[in-house]
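Novice: Just dropping this structure here.
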4 protein chains.
Amino acid sequence: MANTQFQYVKKFEQDDSLLLNTWLVVRIDGRSFHKFSQIHSFEKPNDKRAIGLMNQAAKQIMEEFGDVIIAYGQSDEYSFVLHKSTTLYSRRASKILSTFVSLFTGYYIYNWKNFFPDQELKEIPSFDSRIICYPSKKNIRDYLSWRQADCHINSLYNTCFWCLVKSGISEKEATEQLRGTFSNDKNELLFSKFGINYNDLPQINRKGTVLYRKIEEIETIRNDTNQKSISKKKKIIMDHIDIISEKFWKENPILTEKRRIK
Amino acid sequence: MANTQFQYVKKFEQDDSLLLNTWLVVRIDGRSFHKFSQIHSFEKPNDKRAIGLMNQAAKQIMEEFGDVIIAYGQSDEYSFVLHKSTTLYSRRASKILSTFVSLFTGYYIYNWKNFFPDQELKEIPSFDSRIICYPSKKNIRDYLSWRQADCHINSLYNTCFWCLVKSGISEKEATEQLRGTFSNDKNELLFSKFGINYNDLPQINRKGTVLYRKIEEIETIRNDTNQKSISKKKKIIMDHIDIISEKFWKENPILTEKRRIK
Amino acid sequence: MANTQFQYVKKFEQDDSLLLNTWLVVRIDGRSFHKFSQIHSFEKPNDKRAIGLMNQAAKQIMEEFGDVIIAYGQSDEYSFVLHKSTTLYSRRASKILSTFVSLFTGYYIYNWKNFFPDQELKEIPSFDSRIICYPSKKNIRDYLSWRQADCHINSLYNTCFWCLVKSGISEKEATEQLRGTFSNDKNELLFSKFGINYNDLPQINRKGTVLYRKIEEIETIRNDTNQKSISKKKKIIMDHIDIISEKFWKENPILTEKRRIK
Amino acid sequence: MANTQFQYVKKFEQDDSLLLNTWLVVRIDGRSFHKFSQIHSFEKPNDKRAIGLMNQAAKQIMEEFGDVIIAYGQSDEYSFVLHKSTTLYSRRASKILSTFVSLFTGYYIYNWKNFFPDQELKEIPSFDSRIICYPSKKNIRDYLSWRQADCHINSLYNTCFWCLVKSGISEKEATEQLRGTFSNDKNELLFSKFGINYNDLPQINRKGTVLYRKIEEIETIRNDTNQKSISKKKKIIMDHIDIISEKFWKENPILTEKRRIK
C-alpha cells in the first residue's frame with residue numbers, strides 16, 4: 001500500500017502567497033456572537049469581562065508573532081497588522097489566517113475561566129478570519145481609522161439603545177426611536193434623558209483597544225564594577241487611545257521605524 | 001467622526017471564492033503536536049484518548065455542516081470533504097477554512113476534559129488549515145486514499161519505532177535501525193522480535209477514522225390507526241475501514257448519490 | 001552595472017497556474033468591432049469575408065496547439081477548448097491567454113488581404129481574451145451550447161434588424177419595432193414581410209463555426225511489395241453544425257476519447 | 001433554443017482584479033524571436049529597423065492608454081507601467097494584459113512595411129504578456145533598473161559575440177571564448193581586438209528605449225486681441241537615457257507628480 005500513486009493530488013494545492021512589500025491585516029470576527037453573548041449573559045452595552053478576554057487573546061497572539069506591529073480590537077473583532085516585510089509562513093494566506101484564528105480561539109476558551117469565574121462556558125465560541133494586503137502606510141492607517149470610527153459609531157448607538165431598553169421600552173421600540181438619528185441627536189438624547197455625557201464614558205468603550213510595541217530601555221548595573229549598561233527591548237502596550245489623529249503616530253512611529261529591535 | 005472617508009479600504013479585500021462544481025477538501029493539521037503530545041504524556045505510538053478527542057471534534061464539525069459528506073482523520077490531522085455542489089459561505093476560501101479550524105480548535109479544547117479526565121490542559125493546542133479543490137470523483141477518492149496510505153505508512157513505522165524504544169534502545173538508535181527499511185522488513189521485525197502480527201493491531205490505528213453519513217429508515221406507527229410510516233434520515237457513522245479499495249464506495253455511494261436527504 | 005540588486009523584483013510575479021484536471025476555455029473577443037466593421041464596410045447582418053477570416057485565424061491556432069480539441073466561433077468571438085489534461089505552459093493563465101490572443105491578432109491581420117482583397121486594412125483590429133476552468137464534461141458542453149444559443153439569438157435578431165433597415169426604415173425605428181419580440185414573432189416577421197424562411201438561411205450564420213479534430217485513416221501502398229498499411233492521423237474539420245444536441249457528441253466523442261493520436 | 005439554461009456557466013469566471021493602489025507593469029515578450037530574427041535577416045547585434053518597429057508599437061500603446069506613465073523597451077521585450085491609481089478595465093488582469101498584447105502585435109505587423117520596406121513579413125510575430133503589481137515607488141524603479149541593467153549586460157555580450165563571429169570564428173567558438181568573462185574582460189576584448197570603445201556605441205543599443213510623458217507649454221496668441229495664453233499638454237518623449245540613476249527621476253517626477261493633466 002504505497003502512497004506514490006496518489007501523491008499527485010498534492011499538486012492541486014494552489015499557491016496563495018500574498019503580494020510582497022504590502023502590510024497584511026488579519027481580521028478575526030466572532031461568529032454568532034449576538035447569541036453567544038446572550039447565552040453567557042454579557043452585560044450591555046459593554047461587558048468588561050468579555051472585552052478583557054478578547055484583549056488577552058490578542059495580546060498572546062502578539063507575543064507569539066513578533067511581526068505583528070499593532071493590533072486593534074473592538075466588540076467581537078480584532079485586527080492584527082503584520083509588517084510589510086514579514087515573511088511569516090512565506091506569506092501564505094491560508095497558513096497565516098488559519099493559524100491566527102485557531103490560536104485566538106484557543107486562547108479565548110483557555111482564558112475564559114479567568115475572566116468569567118462565575119460563568120461556565122456553555123457553548124463553543126468561534127471566529128472566522130480574513131487577510132487583506134495594503135500597499136501604503138496611508139492605507140493601513142485608514143484601515144485602522146475605519147475600524148475605530150466604526151467602534152465609535154457602534155458604541156454611541158449601543159449606549160443609547162441599552163439606556164432606552166433599561167428605561168423600560170422594548171428593544172423594537174428602541175430601534176424605532178433611534179432610526180435615522182445622527183450623532184448629535186444621540187448625544188443630546190443621552191444627555192437630556194439620561195444625564196450622560198457620552199465623552200465621559202470609559203475610553204475602552206469609545207475607542208476600543210490598541211496593542212502595540214514600545215521600546216523600553218532597561219538599565220543594568222554590574223555588581224562587581226558598578227558599570228551601567230542600557231539594553232533596549234520591545235514591550236507590548238495595551239491602551240485605549242485615538243489612533244485616527246496624528247498624535248499617536250507621531251509619538252509611536254510604528255509604521256516608519258527601522259525594524260532592528262525585535 | 002464618520003467612517004465614510006475610510007470605507008474605501010474595504011475594496012482591498014480580494015475575492016477568493018473557489019471554482020464551482022469542484023469537491024472541496026478542508027484539511028486541518030496540528031501545529032507542533034510532537035511537543036504538545038510530549039507535554040501531555042500521550043501514549044506511544046497511539047493514544048486512544050487523543051484519537052477519540054480528534055474524532056469527537058470532527059464529528060461536531062460534521063453535525064454543524066451538512067455539506068461535509070465524508071471526513072477522514074489520522075494522527076493530528078483531519079480532512080473534511082464538502083460536496084461539489086456546496087455553496088457554503090458562497091465558497092469563499094478564507095471564510096470556510098477559518099470557520100472550520102476555529103470550531104475544530106474550540107471543540108478540541110472544550111472536550112479535552114472528557115477524554116483526558118486526569119490530565120490538565122497545560123498548553124493551547126492549535127491547528128492550521130488549507131482548502132483544496134478537486135474536479136473529479138477519482139481525484140477526491142485518490143486524495144482520501146493518499147491520506148489513508150499515509151496513515152498506514154506512519155502507523156507501521158511508529159509501531160516499530162516505539163517497540164524498539166520500549167525494548168531499551170535510544171530513539172536515535174531506533175531511527176537508525178529503521179532507516180531504509182521496506183514494509184516487509186518492518187512487518188518481519190515486529191513479528192520476529194516482538195511477536196506482533198501488524199495486521200492484528202486495532203483497525204483504528206492502522207486505518208484511521210472515517211466519518212460519513214448513512215441513510216437510516218425510521219419506522220413510525222401511529223397510535224390511533226396503527227398505520228406504519230417510514231421516514232429517512234441521515235446519520236453520522238464513525239468507522240475505521242479501508243477506503244482505498246472499491247468495497248466501501250460500492251456500499252456507500254457517497255460521491256454519486258443524489259443529495260435530497262440532508 | 002550588475003542587475004543582482006534589482007532581481008528581487010522578479011519575486012513579485014504571482015503564480016497564476018490553473019486548477020489541474022479542468023477543461024480550459026480561452027475566449028477571444030473583438031474590441032470595438034462594431035466600429036471596425038463599419039470602417040471596413042462589412043456586409044450586414046453577416047459578412048462572409050469577415051467570418052472566413054475569423055475561421056482561418058482560429059484554424060491556425062488549432063494547428064499550432066494540439067491540446068485544443070474543439071473551437072467554436074460566431075460574430076467577433078472565438079472559444080478554444082483545451083483538454084483537461086493539458087500542461088501547456090504549465091497551465092499558467094496569463095501565458096496561455098496572451099499567446100493565444102497575440103497569435104489570433106497576428107493571423108487575422110496577416111490573412112486580411114486574402115479575405116478582403118479589395119478592402120485595405122485601415123485600422124488595427126484588436127481582441128481581448130480570458131480563460132475559464134470547467135470541471136466536468138457537462139459544464140464544457142453547456143459552455144459551448146451557451147455560445148451557440150447566443151449565436152442563434154443574435155443571428156435571428158440581426159437578420160430581422162437588417163431586413164427592416166434595408167426596407168427603408170431607420171436603425172432606431174428597427175430597434176423600436178423589435179423591442180420585446182419573441183423568437184416566434186421574429187420568424188413570423190421575416191416570413192410574412194420579407195418572404196424569408198429563417199431556417200433556410202445558411203447554417204454558417206445560424207450555427208456559427210465548429211472546428212474539431214477527426215481521425216483519418218490513410219492507406220499507403222508500398223511500391224515494391226504492394227503491401228497496404230493504414231496509418232491514423234487527426235485532421236481539423238470545419239463545420240457549421242448543431243453542437244447543442246447529442247448527435248454531434250455521439251458521432252464525435254471528443255470529450256471522452258483516449259488521447260493517444262495527436 | 002433559449003440560452004437561459006446554459007448561462008450558469010458564466011459564474012465559473014473567476015475574479016482576477018489586481019490589488020488597488022499598486023503600480024502595474026505589463027511586460028510583453030517576443031515569442032521565438034531568435035528564429036523570427038533569422039528568418040527576416042535582422043542585423044546583428046542590433047537591427048535599427050526592428051528596434052524602431054518595437055518602439056513605434058509601444059508608442060501607439062501609450063497614445064491609446066493615458067494611464068501608462070512610462071514604458072521601457074529593449075531587445076524583443078517592452079514593459080508598460082500603469083499608474084497605481086489606474087482603474088483601467090476595473091484592474092482586471094486578463095483584460096488588461098490581453099488587450100495590450102493584442103494591440104502590440106497588431107501595431108507591430110501593421111507598421112512592418114514602414115520599417116522593413118524591402119523585407120516581406122514571412123511569418124507571424126507573436127508575443128506573450130504578464131502583469132505584475134508593485135506596491136512602492138522604489139519597487140517600480142528597481143523593476144525598470146532591472147530591465148535596463150539586463151539590456152546593458154546583453155548588449156555588451158552580444159556586441160562581443162557578433163564581433164567575434166564577424167571576425168571569422170564560429171558561433172560555438174565565440175560562445176566558448178566568452179564563457180565566464182566579466183564586464184571588464186569584454187570591454188577590454190572589444191577595445192584591444194576590435195578597436196571599439198563600448199561606451200561610444202549608440203545609446204539606443206546600450207540603454208534601450210524609454211517612453212514617457214512630459215508636460216509641454218503651448219503659447220497661443222489671439223489674433224484679435226494679441227492676448228497670450230498658455231495651455232499645458234502631455235507629450236510622449238522617446239529617449240535612450242539612463243533610468244537607473246537619480247538624474248532622470250529628478251528631472252521627470254513621473255512617479256510622484258499629481259495626475260491632473262492627462
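Every chain in the C-alpha cells takes a letter, A first, then B, and so on in the order presented; its residues are numbered from 1, and the ligands are numbered from 1 following the presented order.
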For chain C, list the residues within 6 Å of chain D, counting only C-alpha atoms, and write the list as a list in words.

Specialist: Asn3, Phe6, Val9, Glu13, Ser94, Ser98, Thr99, Val101, Ser102, Leu103, Thr105, Gly106, Ile124, Ser126, Phe127, Asp128, Ser129, Arg130, Ile132, Asp142, Tyr143, Trp146 and Ala149 of chain C

Novice: Looking only at the backbone, which of the residues in stretch 36-104 of chain C does DSSP tag as strand (DSSP E), as a list in words?

Specialist: Val68, Ile69, Ile70, Ala71, Tyr72, Gly73, Gln74, Glu77, Tyr78, Ser79, Phe80, Val81 and Leu82 of chain C

Novice: Record the distance separating atom CA of C:Gly73 and atom CA of C:Val210, expressed in Å with one decimal.

Specialist: 6.7 Å

Novice: Enumerate the residues of stretch 13-206 of chain B with a DSSP assignment of alpha helix (DSSP H), computed from the backbone, and present them as a ChimeraX atom specification.

Specialist: /B:33-39,48-64,93-115,137-166,171-178,183-194,203-206

Novice: Tell me which protein, DNA and RNA residues are within 9 Å of stretch 214-221 of chain D, counting only C-alpha atoms, leaving out same-chain ones fewer than 6 positions away, and put them as number ranges by chain.

Specialist: D: 227-237, 252, 254, 261
